[in-house]
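Shown next: entry_36.cif, containing mmCIF, C-alpha atoms.
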```cif
data_query
#
loop_
_atom_site.label_atom_id
_atom_site.label_comp_id
_atom_site.auth_asym_id
_atom_site.auth_seq_id
_atom_site.Cartn_x
_atom_site.Cartn_y
_atom_site.Cartn_z
CA MET O 22 97.31 127.72 -152.11
CA THR O 23 97.22 127.88 -148.36
CA PRO O 24 94.62 125.55 -146.95
CA ASP O 25 92.57 127.44 -144.40
CA ARG O 26 92.15 124.24 -142.45
CA GLU O 27 93.38 120.69 -142.57
CA PRO O 28 90.83 118.44 -144.26
CA ALA O 29 90.47 114.89 -142.96
CA GLY O 30 93.19 112.64 -144.29
CA LEU O 31 95.59 115.36 -145.43
CA GLU O 32 98.32 114.09 -143.11
CA SER O 33 98.19 110.47 -144.23
CA SER O 34 99.60 109.34 -147.51
CA ALA O 35 97.33 110.07 -150.45
CA PRO O 36 94.22 108.12 -149.49
CA ILE O 37 92.38 110.20 -152.06
CA PHE O 38 93.49 108.07 -154.98
CA ALA O 39 92.82 104.79 -153.22
CA ALA O 40 89.35 106.10 -152.44
CA LEU O 41 88.74 107.00 -156.07
CA GLY O 42 90.11 103.70 -157.38
CA ASP O 43 86.72 102.03 -157.22
CA ALA O 44 83.96 102.24 -159.83
CA THR O 45 81.11 102.71 -157.33
CA ARG O 46 82.88 105.48 -155.44
CA LEU O 47 83.89 107.21 -158.65
CA LYS O 48 80.21 107.14 -159.69
CA LEU O 49 79.17 108.56 -156.31
CA VAL O 50 81.61 111.43 -156.75
CA ALA O 51 80.30 112.04 -160.29
CA ARG O 52 76.70 112.06 -159.02
CA LEU O 53 77.57 114.52 -156.26
CA CYS O 54 79.38 116.64 -158.85
CA GLN O 55 76.36 116.80 -161.12
CA GLY O 56 73.50 116.68 -158.64
CA GLY O 57 74.89 118.70 -155.74
CA PRO O 58 74.32 117.72 -152.09
CA GLN O 59 71.94 114.81 -151.74
CA SER O 60 70.58 112.21 -149.36
CA ILE O 61 71.67 108.59 -149.14
CA ALA O 62 68.22 107.57 -150.37
CA ARG O 63 68.74 109.55 -153.57
CA LEU O 64 72.31 108.33 -154.00
CA THR O 65 71.17 104.70 -153.60
CA ARG O 66 68.46 105.04 -156.24
CA GLY O 67 69.40 103.38 -159.52
CA THR O 68 72.27 101.37 -158.01
CA PRO O 69 72.24 97.66 -157.12
CA LEU O 70 73.60 98.53 -153.66
CA THR O 71 71.80 98.86 -150.34
CA ARG O 72 71.78 102.06 -148.28
CA GLN O 73 74.32 100.40 -145.99
CA GLY O 74 76.53 99.60 -148.97
CA ILE O 75 76.38 103.20 -150.23
CA THR O 76 77.01 104.50 -146.70
CA LYS O 77 80.14 102.37 -146.47
CA HIS O 78 81.47 103.80 -149.72
CA LEU O 79 80.62 107.35 -148.65
CA ARG O 80 82.57 106.79 -145.42
CA VAL O 81 85.67 105.76 -147.42
CA LEU O 82 85.31 108.92 -149.51
CA ALA O 83 84.78 111.00 -146.36
CA ASP O 84 87.90 109.51 -144.71
CA ALA O 85 89.88 110.59 -147.77
CA GLY O 86 88.41 114.09 -147.39
CA LEU O 87 86.55 113.92 -150.70
CA VAL O 88 82.99 114.22 -149.38
CA ARG O 89 81.32 115.18 -146.16
CA GLY O 90 78.01 114.31 -144.61
CA ARG O 91 75.83 116.88 -142.92
CA ARG O 92 72.92 116.03 -140.73
CA LEU O 93 69.68 117.75 -141.70
CA GLY O 94 66.90 116.73 -139.35
CA ARG O 95 66.66 112.95 -139.42
CA GLU O 96 68.66 112.61 -142.62
CA SER O 97 72.25 113.07 -143.70
CA ARG O 98 73.00 114.99 -146.82
CA TRP O 99 76.25 114.28 -148.57
CA GLU O 100 78.26 116.78 -150.53
CA LEU O 101 81.60 117.09 -152.28
CA GLU O 102 84.62 118.44 -150.48
CA PRO O 103 86.56 119.67 -153.51
CA HIS O 104 89.60 120.98 -151.67
CA GLN O 105 91.76 117.86 -152.07
CA LEU O 106 91.09 117.48 -155.77
CA ILE O 107 92.08 121.10 -156.26
CA VAL O 108 95.35 120.52 -154.40
CA ALA O 109 96.16 117.47 -156.55
CA HIS O 110 95.52 119.35 -159.79
CA ARG O 111 97.32 122.53 -158.85
CA TYR O 112 100.37 120.57 -157.74
CA LEU O 113 100.56 118.84 -161.11
CA ASP O 114 100.18 122.18 -162.89
CA LEU O 115 103.13 123.51 -160.92
CA ILE O 116 105.43 120.60 -161.85
CA SER O 117 104.15 120.76 -165.43
CA LYS O 118 105.09 124.44 -165.74
CA ARG O 119 108.59 123.72 -164.42
CA TRP O 120 109.04 121.10 -167.15
CA ASP O 121 107.90 123.65 -169.75
CA VAL O 122 110.64 126.03 -168.63
CA ALA O 123 113.29 123.26 -168.52
CA LEU O 124 112.34 121.91 -171.95
CA ARG O 125 112.54 125.39 -173.49
CA ARG O 126 116.07 125.65 -172.13
CA LEU O 127 116.91 122.20 -173.54
CA GLN O 128 115.55 123.35 -176.90
CA LYS O 129 117.78 126.42 -176.82
CA LEU O 130 120.79 124.27 -175.98
CA VAL O 131 120.36 121.74 -178.81
CA GLU O 132 119.18 124.25 -181.42
CA GLU O 133 121.36 127.27 -180.65
CA GLY O 134 124.29 125.72 -178.82
CA SER O 135 123.81 127.46 -175.48
CA VAL O 136 121.13 128.16 -172.92
CA MET L 243 101.23 119.64 -176.70
CA SER L 244 100.82 118.63 -173.09
CA THR L 245 98.23 116.71 -171.16
CA THR L 246 97.63 116.45 -167.46
CA THR L 247 95.89 113.87 -165.31
CA THR L 248 96.30 113.47 -161.57
CA ASP L 249 99.00 110.80 -161.96
CA ARG L 250 101.15 111.90 -164.87
CA ILE L 251 102.52 114.76 -166.87
CA THR L 252 103.01 114.21 -170.61
CA LYS L 253 104.87 116.60 -172.90
CA GLU L 254 106.07 116.59 -176.48
CA ILE L 255 108.48 118.97 -178.11
CA LEU L 256 109.98 119.03 -181.61
CA LEU L 257 113.66 119.85 -181.42
CA LYS L 258 115.41 121.00 -184.58
CA ALA L 259 118.51 118.93 -183.86
CA PRO L 260 119.69 115.40 -184.67
CA ARG L 261 118.77 112.59 -182.33
CA SER L 262 122.42 112.08 -181.34
CA ARG L 263 122.64 115.72 -180.21
CA VAL L 264 119.45 115.50 -178.12
CA TRP L 265 120.65 112.22 -176.60
CA ARG L 266 123.88 113.86 -175.49
CA ALA L 267 122.05 116.86 -173.99
CA LEU L 268 119.90 114.43 -171.97
CA THR L 269 122.41 111.82 -170.84
CA ASP L 270 125.67 113.69 -170.38
CA SER L 271 125.24 114.82 -166.79
CA LYS L 272 127.15 118.07 -167.45
CA GLU L 273 124.94 118.94 -170.43
CA PHE L 274 121.80 117.91 -168.56
CA GLY L 275 122.90 120.28 -165.81
CA THR L 276 123.21 123.26 -168.17
CA TRP L 277 119.55 123.24 -169.12
CA PHE L 278 118.25 121.74 -165.90
CA GLN L 279 120.23 124.27 -163.86
CA SER L 280 121.99 121.80 -161.63
CA VAL L 281 125.31 120.02 -161.13
CA PHE L 282 125.83 116.32 -160.53
CA THR L 283 128.50 114.41 -158.67
CA GLU L 284 129.13 111.83 -161.42
CA PRO L 285 128.14 110.71 -164.93
CA PHE L 286 124.75 109.13 -165.66
CA ARG L 287 124.74 105.36 -166.11
CA PRO L 288 121.98 102.77 -165.61
CA GLY L 289 121.49 101.95 -161.93
CA ALA L 290 123.52 104.95 -160.73
CA ARG L 291 122.28 106.87 -157.73
CA LEU L 292 123.57 110.42 -157.92
CA ASN L 293 123.27 113.65 -156.08
CA GLY L 294 122.38 116.86 -157.81
CA ARG L 295 122.51 120.41 -156.62
CA ILE L 296 120.48 123.29 -158.04
CA THR L 297 122.59 126.04 -159.64
CA TYR L 298 119.73 128.49 -160.12
CA PRO L 299 120.66 131.68 -158.21
CA GLY L 300 119.07 131.79 -154.81
CA TYR L 301 118.36 128.05 -154.75
CA GLU L 302 121.97 126.77 -154.59
CA HIS L 303 121.40 125.15 -151.19
CA LEU L 304 118.87 122.72 -152.65
CA LYS L 305 120.00 119.14 -153.27
CA PHE L 306 118.19 116.23 -154.85
CA GLU L 307 118.84 112.62 -155.74
CA LEU L 308 118.40 110.82 -159.08
CA VAL L 309 118.36 107.08 -159.65
CA ILE L 310 119.02 106.34 -163.31
CA GLU L 311 116.87 103.52 -164.66
CA LYS L 312 117.26 103.00 -168.41
CA MET L 313 119.63 104.30 -171.05
CA GLU L 314 118.78 102.83 -174.45
CA PRO L 315 121.00 104.83 -176.81
CA GLU L 316 119.17 107.57 -178.70
CA ARG L 317 115.81 106.03 -177.79
CA LEU L 318 114.99 106.03 -174.08
CA PHE L 319 116.40 107.68 -170.98
CA SER L 320 114.64 107.30 -167.64
CA PHE L 321 115.23 108.04 -163.99
CA ARG L 322 113.41 108.17 -160.67
CA TRP L 323 113.37 110.96 -158.14
CA HIS L 324 111.33 112.62 -155.46
CA PRO L 325 109.55 115.46 -157.24
CA ASN L 326 109.88 118.84 -155.65
CA ALA L 327 111.92 117.38 -152.75
CA VAL L 328 113.32 120.78 -151.92
CA ASP L 329 112.95 121.14 -148.17
CA PRO L 330 116.36 120.24 -146.67
CA SER L 331 114.75 119.62 -143.27
CA LEU L 332 112.53 116.80 -144.56
CA ASP L 333 113.42 113.17 -145.21
CA TYR L 334 111.84 112.10 -148.49
CA SER L 335 113.59 108.74 -148.71
CA LYS L 336 110.61 106.71 -147.48
CA GLU L 337 108.19 108.30 -149.92
CA PRO L 338 107.34 106.91 -153.36
CA THR L 339 109.29 108.33 -156.29
CA THR L 340 108.06 109.45 -159.69
CA LEU L 341 109.45 108.02 -162.92
CA VAL L 342 110.70 110.44 -165.56
CA GLU L 343 110.97 109.01 -169.08
CA PHE L 344 112.40 110.75 -172.13
CA THR L 345 111.68 109.07 -175.47
CA LEU L 346 113.40 110.22 -178.67
CA GLU L 347 112.02 109.75 -182.14
CA GLU L 348 113.57 110.85 -185.41
CA VAL L 349 111.11 112.93 -187.42
CA GLU L 350 111.32 115.23 -190.41
CA GLY L 351 113.12 118.36 -189.34
CA GLY L 352 114.64 116.97 -186.18
CA THR L 353 113.82 114.96 -183.09
CA LEU L 354 110.49 114.52 -181.39
CA LEU L 355 111.11 114.38 -177.67
CA LYS L 356 108.43 112.95 -175.41
CA LEU L 357 108.53 113.41 -171.67
CA VAL L 358 106.36 111.47 -169.24
CA GLU L 359 106.60 111.90 -165.48
CA SER L 360 104.32 109.44 -163.70
CA GLY L 361 103.52 108.20 -160.22
CA PHE L 362 102.17 111.42 -158.66
CA ASP L 363 99.19 109.56 -157.21
CA GLY L 364 101.64 108.00 -154.74
CA ILE L 365 102.95 111.32 -153.46
CA PRO L 366 101.39 112.25 -150.12
CA LEU L 367 98.82 114.98 -150.51
CA ALA L 368 100.33 116.93 -147.63
CA ARG L 369 103.57 117.24 -149.67
CA ARG L 370 101.65 118.51 -152.64
CA ALA L 371 99.86 121.12 -150.55
CA ASP L 372 103.23 122.22 -149.10
CA ALA L 373 104.73 122.53 -152.59
CA LEU L 374 101.97 124.91 -153.61
CA LYS L 375 102.62 127.10 -150.59
CA ALA L 376 106.36 127.11 -151.30
CA ASN L 377 105.71 127.99 -154.91
CA GLU L 378 103.66 131.02 -154.05
CA GLY L 379 106.57 132.15 -151.87
CA GLY L 380 108.90 131.57 -154.83
CA TRP L 381 106.85 133.80 -157.09
CA ALA L 382 106.84 136.57 -154.53
CA GLU L 383 110.66 136.40 -154.48
CA GLN L 384 110.81 136.48 -158.27
CA MET L 385 108.65 139.60 -158.37
CA VAL L 386 110.98 141.36 -155.93
CA ALA L 387 113.98 140.30 -158.06
CA ILE L 388 112.37 141.72 -161.21
CA GLU L 389 111.49 144.94 -159.47
CA THR L 390 115.06 145.31 -158.16
CA TYR L 391 116.46 144.59 -161.62
CA LEU L 392 114.24 147.20 -163.27
CA ARG L 393 115.12 149.79 -160.67
CA ARG L 394 118.84 149.24 -161.27
CA ASN L 395 118.55 149.01 -165.07
CA PRO L 396 116.07 151.70 -166.08
#
```
In structure tokens, what does this structure look like?
Amino acid sequence: MTPDREPAGLESSAPIFAALGDATRLKLVARLCQGGPQSIARLTRGTPLTRQGITKHLRVLADAGLVRGRRLGRESRWELEPHQLIVAHRYLDLISKRWDVALRRLQKLVEEGSV
Amino acid sequence: MSTTTTDRITKEILLKAPRSRVWRALTDSKEFGTWFQSVFTEPFRPGARLNGRITYPGYEHLKFELVIEKMEPERLFSFRWHPNAVDPSLDYSKEPTTLVEFTLEEVEGGTLLKLVESGFDGIPLARRADALKANEGGWAEQMVAIETYLRRNP
């Protein structure tokens, strides 16, 4: 995959996983996944956190390039930025496929005597 | 069977061969090289840091480094490396490594080999994005090679 632009945080070292290593932020990502773009007011509903608290967590996710905020009138709406997750998964698929090929060759070697 | 998360790759394969045979194919650096398509400067032993070179045609200029961790006879073989560290112009030495662990288990009919490579969450995302780009280039080359082969061997 060729990224058509550099998302925030791509140059620094994997802040994506640090950002996701927190229960509240993981829940925010899940809510944005299920509910689509939404306001801070809606994201705060049903949590014990204040708007400021939620905003702080959203900023961490935004710095890692996982979400982005868009101003709509007086309010910001937050949405997922799925690009980085896709990169992480596709990379693992690539390495995984290479192991499949290598292990098939190993199998040939130990079962048939040559690769 | 294989599973995938963002941090690790897990694979299992049943090999119709005795455990001692599989152990040798994994831990004798020459045998490892035959199926992994690479050559190594010295034998594998715990704590050894060795250089490998890819022998796959067209990729012979690519070098990589392995640091052997554990060798528990016929049970566990593990090493660390920089996954996909294939750009000779880049210095990977400061980046986190992944851990590759092979576990052998005697089962009916042969040896159950489990492979776990973990620690991908520590690999910079920029590297992972680069690897995907490089891979797409690699496939394009493979397609040309196949086409050439078919043209010459109708």
Which chain L residues have any atom within 6 Å of an atom of chain O, and for each, what is the nearest pair of atoms with distance in Å to one decimal, counting only C-alpha atoms, rows sorted by chain and number, as JSON lines?
```
{"residue": "L:Lys258", "atom": "CA", "partner": "O:Glu132", "partner_atom": "CA", "distance": 5.9}
{"residue": "L:Ala259", "atom": "CA", "partner": "O:Glu132", "partner_atom": "CA", "distance": 5.9}
{"residue": "L:Trp277", "atom": "CA", "partner": "O:Arg126", "partner_atom": "CA", "distance": 5.2}
{"residue": "L:Phe278", "atom": "CA", "partner": "O:Ala123", "partner_atom": "CA", "distance": 5.8}
{"residue": "L:Pro366", "atom": "CA", "partner": "O:Ser34", "partner_atom": "CA", "distance": 4.3}
{"residue": "L:Leu367", "atom": "CA", "partner": "O:Ala35", "partner_atom": "CA", "distance": 5.1}
{"residue": "L:Ala368", "atom": "CA", "partner": "O:Leu31", "partner_atom": "CA", "distance": 5.5}
{"residue": "L:Arg370", "atom": "CA", "partner": "O:Tyr112", "partner_atom": "CA", "distance": 5.6}
{"residue": "L:Ala371", "atom": "CA", "partner": "O:Val108", "partner_atom": "CA", "distance": 6.0}
{"residue": "L:Leu374", "atom": "CA", "partner": "O:Met22", "partner_atom": "CA", "distance": 5.6}
{"residue": "L:Lys375", "atom": "CA", "partner": "O:Met22", "partner_atom": "CA", "distance": 5.6}
```
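Our summary of the geometry notes that atom CA of Lys118 of chain O is positioned 27.5 Å from atom CA of Pro288 of chain L.
Atom pair atom CA of Asp270 of chain L / atom CA of Ala290 of chain L has a distance of 13.2 Å (rounded to one decimal).
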* Determine the residue set returned by the PyMOL selection byres ((chain L and resi 321) around 10) for the present structure, and present it as a VMD selection string. => chain L and resid 286 288 to 291 308 to 313 319 to 320 322 to 323 339 to 344 359
* To do: Quick one: apply the PyMOL selection byres ((chain O and resi 74-80) around 12) to the file and drop the selected residues here as a PyMOL selection string.
  => chain O and resi 29+39-50+53+59-73+81-90+97-102
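Atom pair atom CA of Lys253 of chain L / atom CA of Leu268 of chain L has a distance of 15.2 Å (rounded to one decimal).
Closest to Val264 of chain L among O:Gly56, O:Gly134, O:Arg95, O:Pro103 is O:Gly134, based on only C-alpha atoms.
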Box along x, y and z, 6 Å on every side, all listed atoms of segment 341-356 of chain L inside: centre and edge lengths in Å to one decimal, as JSON.
```
{"center_x": 111.5, "center_y": 113.2, "center_z": -176.7, "size_x": 18.2, "size_y": 22.3, "size_z": 39.5}
```
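The list of residues within 10 Å of (118.6, 110.3, -177.4), counted using only C-alpha atoms, is Pro260, Arg261, Ser262, Arg263, Val264, Trp265, Arg266, Ala267, Leu268, Thr269, Met313, Glu314, Pro315, Glu316, Arg317, Leu318, Phe319, Phe344, Thr345, Leu346, Glu347, Glu348, Thr353, Leu354 and Leu355 of chain L.
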For the selection just defined, write its residues with C-alpha atoms to a file, as a PDB file, in the frame of the given file.
```pdb
ATOM      1  CA  PRO L 260     119.690 115.400-184.670  1.00  0.00           C
ATOM      2  CA  ARG L 261     118.770 112.590-182.330  1.00  0.00           C
ATOM      3  CA  SER L 262     122.420 112.080-181.340  1.00  0.00           C
ATOM      4  CA  ARG L 263     122.640 115.720-180.210  1.00  0.00           C
ATOM      5  CA  VAL L 264     119.450 115.500-178.120  1.00  0.00           C
ATOM      6  CA  TRP L 265     120.650 112.220-176.600  1.00  0.00           C
ATOM      7  CA  ARG L 266     123.880 113.860-175.490  1.00  0.00           C
ATOM      8  CA  ALA L 267     122.050 116.860-173.990  1.00  0.00           C
ATOM      9  CA  LEU L 268     119.900 114.430-171.970  1.00  0.00           C
ATOM     10  CA  THR L 269     122.410 111.820-170.840  1.00  0.00           C
ATOM     11  CA  MET L 313     119.630 104.300-171.050  1.00  0.00           C
ATOM     12  CA  GLU L 314     118.780 102.830-174.450  1.00  0.00           C
ATOM     13  CA  PRO L 315     121.000 104.830-176.810  1.00  0.00           C
ATOM     14  CA  GLU L 316     119.170 107.570-178.700  1.00  0.00           C
ATOM     15  CA  ARG L 317     115.810 106.030-177.790  1.00  0.00           C
ATOM     16  CA  LEU L 318     114.990 106.030-174.080  1.00  0.00           C
ATOM     17  CA  PHE L 319     116.400 107.680-170.980  1.00  0.00           C
ATOM     18  CA  PHE L 344     112.400 110.750-172.130  1.00  0.00           C
ATOM     19  CA  THR L 345     111.680 109.070-175.470  1.00  0.00           C
ATOM     20  CA  LEU L 346     113.400 110.220-178.670  1.00  0.00           C
ATOM     21  CA  GLU L 347     112.020 109.750-182.140  1.00  0.00           C
ATOM     22  CA  GLU L 348     113.570 110.850-185.410  1.00  0.00           C
ATOM     23  CA  THR L 353     113.820 114.960-183.090  1.00  0.00           C
ATOM     24  CA  LEU L 354     110.490 114.520-181.390  1.00  0.00           C
ATOM     25  CA  LEU L 355     111.110 114.380-177.670  1.00  0.00           C
TER      26      LEU L 355
END
```
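Remark: for Gly300 of chain L, the closest of the candidate residues L:Leu332, L:Leu357, L:Gln279, L:Pro338 is L:Gln279 (distances computed over all atoms listed in the file).
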Can I get segment 276-302 of chain L with N, CA and C atoms filled in, as an mmCIF file, in the coordinates of the input?
```cif
data_model
loop_
_atom_site.group_PDB
_atom_site.id
_atom_site.type_symbol
_atom_site.label_atom_id
_atom_site.label_comp_id
_atom_site.auth_asym_id
_atom_site.auth_seq_id
_atom_site.Cartn_x
_atom_site.Cartn_y
_atom_site.Cartn_z
ATOM 1 N N THR L 276 123.264 121.896 -167.628
ATOM 2 C CA THR L 276 123.210 123.260 -168.170
ATOM 3 C C THR L 276 121.777 123.709 -168.407
ATOM 4 N N TRP L 277 120.937 122.794 -168.891
ATOM 5 C CA TRP L 277 119.550 123.240 -169.120
ATOM 6 C C TRP L 277 118.658 122.970 -167.923
ATOM 7 N N PHE L 278 119.062 122.020 -167.068
ATOM 8 C CA PHE L 278 118.250 121.740 -165.900
ATOM 9 C C PHE L 278 118.696 122.574 -164.690
ATOM 10 N N GLN L 279 119.707 123.376 -164.898
ATOM 11 C CA GLN L 279 120.230 124.270 -163.860
ATOM 12 C C GLN L 279 120.604 123.537 -162.584
ATOM 13 N N SER L 280 121.509 122.552 -162.776
ATOM 14 C CA SER L 280 121.990 121.800 -161.630
ATOM 15 C C SER L 280 123.342 121.178 -161.949
ATOM 16 N N VAL L 281 124.055 120.751 -160.915
ATOM 17 C CA VAL L 281 125.310 120.020 -161.130
ATOM 18 C C VAL L 281 125.211 118.657 -160.456
ATOM 19 N N PHE L 282 125.881 117.693 -161.051
ATOM 20 C CA PHE L 282 125.830 116.320 -160.530
ATOM 21 C C PHE L 282 127.214 115.842 -160.139
ATOM 22 N N THR L 283 127.242 114.890 -159.209
ATOM 23 C CA THR L 283 128.500 114.410 -158.670
ATOM 24 C C THR L 283 129.227 113.464 -159.625
ATOM 25 N N GLU L 284 128.499 112.817 -160.542
ATOM 26 C CA GLU L 284 129.130 111.830 -161.420
ATOM 27 C C GLU L 284 128.314 111.662 -162.703
ATOM 28 N N PRO L 285 128.865 110.907 -163.673
ATOM 29 C CA PRO L 285 128.140 110.710 -164.930
ATOM 30 C C PRO L 285 126.889 109.851 -164.746
ATOM 31 N N PHE L 286 125.952 109.979 -165.680
ATOM 32 C CA PHE L 286 124.750 109.130 -165.660
ATOM 33 C C PHE L 286 125.113 107.762 -166.228
ATOM 34 N N ARG L 287 124.677 106.713 -165.551
ATOM 35 C CA ARG L 287 124.740 105.360 -166.110
ATOM 36 C C ARG L 287 123.631 104.544 -165.454
ATOM 37 N N PRO L 288 123.117 103.509 -166.146
ATOM 38 C CA PRO L 288 121.980 102.770 -165.610
ATOM 39 C C PRO L 288 122.274 102.245 -164.199
ATOM 40 N N GLY L 289 121.344 102.431 -163.300
ATOM 41 C CA GLY L 289 121.490 101.950 -161.930
ATOM 42 C C GLY L 289 122.188 102.933 -161.004
ATOM 43 N N ALA L 290 122.786 103.987 -161.572
ATOM 44 C CA ALA L 290 123.520 104.950 -160.730
ATOM 45 C C ALA L 290 122.565 105.755 -159.863
ATOM 46 N N ARG L 291 123.016 106.007 -158.646
ATOM 47 C CA ARG L 291 122.280 106.870 -157.730
ATOM 48 C C ARG L 291 123.150 108.095 -157.556
ATOM 49 N N LEU L 292 122.710 109.249 -158.025
ATOM 50 C CA LEU L 292 123.570 110.420 -157.920
ATOM 51 C C LEU L 292 122.895 111.601 -157.258
ATOM 52 N N ASN L 293 123.765 112.448 -156.724
ATOM 53 C CA ASN L 293 123.270 113.650 -156.080
ATOM 54 C C ASN L 293 123.399 114.831 -157.014
ATOM 55 N N GLY L 294 122.363 115.642 -157.012
ATOM 56 C CA GLY L 294 122.380 116.860 -157.810
ATOM 57 C C GLY L 294 122.205 118.057 -156.897
ATOM 58 N N ARG L 295 122.700 119.187 -157.382
ATOM 59 C CA ARG L 295 122.510 120.410 -156.620
ATOM 60 C C ARG L 295 122.028 121.472 -157.600
ATOM 61 N N ILE L 296 121.032 122.229 -157.189
ATOM 62 C CA ILE L 296 120.480 123.290 -158.040
ATOM 63 C C ILE L 296 121.518 124.401 -158.200
ATOM 64 N N THR L 297 121.654 124.921 -159.423
ATOM 65 C CA THR L 297 122.590 126.040 -159.640
ATOM 66 C C THR L 297 121.841 127.348 -159.871
ATOM 67 N N TYR L 298 120.513 127.279 -159.890
ATOM 68 C CA TYR L 298 119.730 128.490 -160.120
ATOM 69 C C TYR L 298 119.942 129.470 -158.959
ATOM 70 N N PRO L 299 120.337 130.729 -159.276
ATOM 71 C CA PRO L 299 120.660 131.680 -158.210
ATOM 72 C C PRO L 299 119.578 131.773 -157.138
ATOM 73 N N GLY L 300 120.009 131.692 -155.912
ATOM 74 C CA GLY L 300 119.070 131.790 -154.810
ATOM 75 C C GLY L 300 118.588 130.432 -154.322
ATOM 76 N N TYR L 301 118.839 129.384 -155.132
ATOM 77 C CA TYR L 301 118.360 128.050 -154.750
ATOM 78 C C TYR L 301 119.532 127.067 -154.636
ATOM 79 N N GLU L 302 120.766 127.615 -154.555
ATOM 80 C CA GLU L 302 121.970 126.770 -154.590
ATOM 81 C C GLU L 302 122.067 125.799 -153.416
#
```
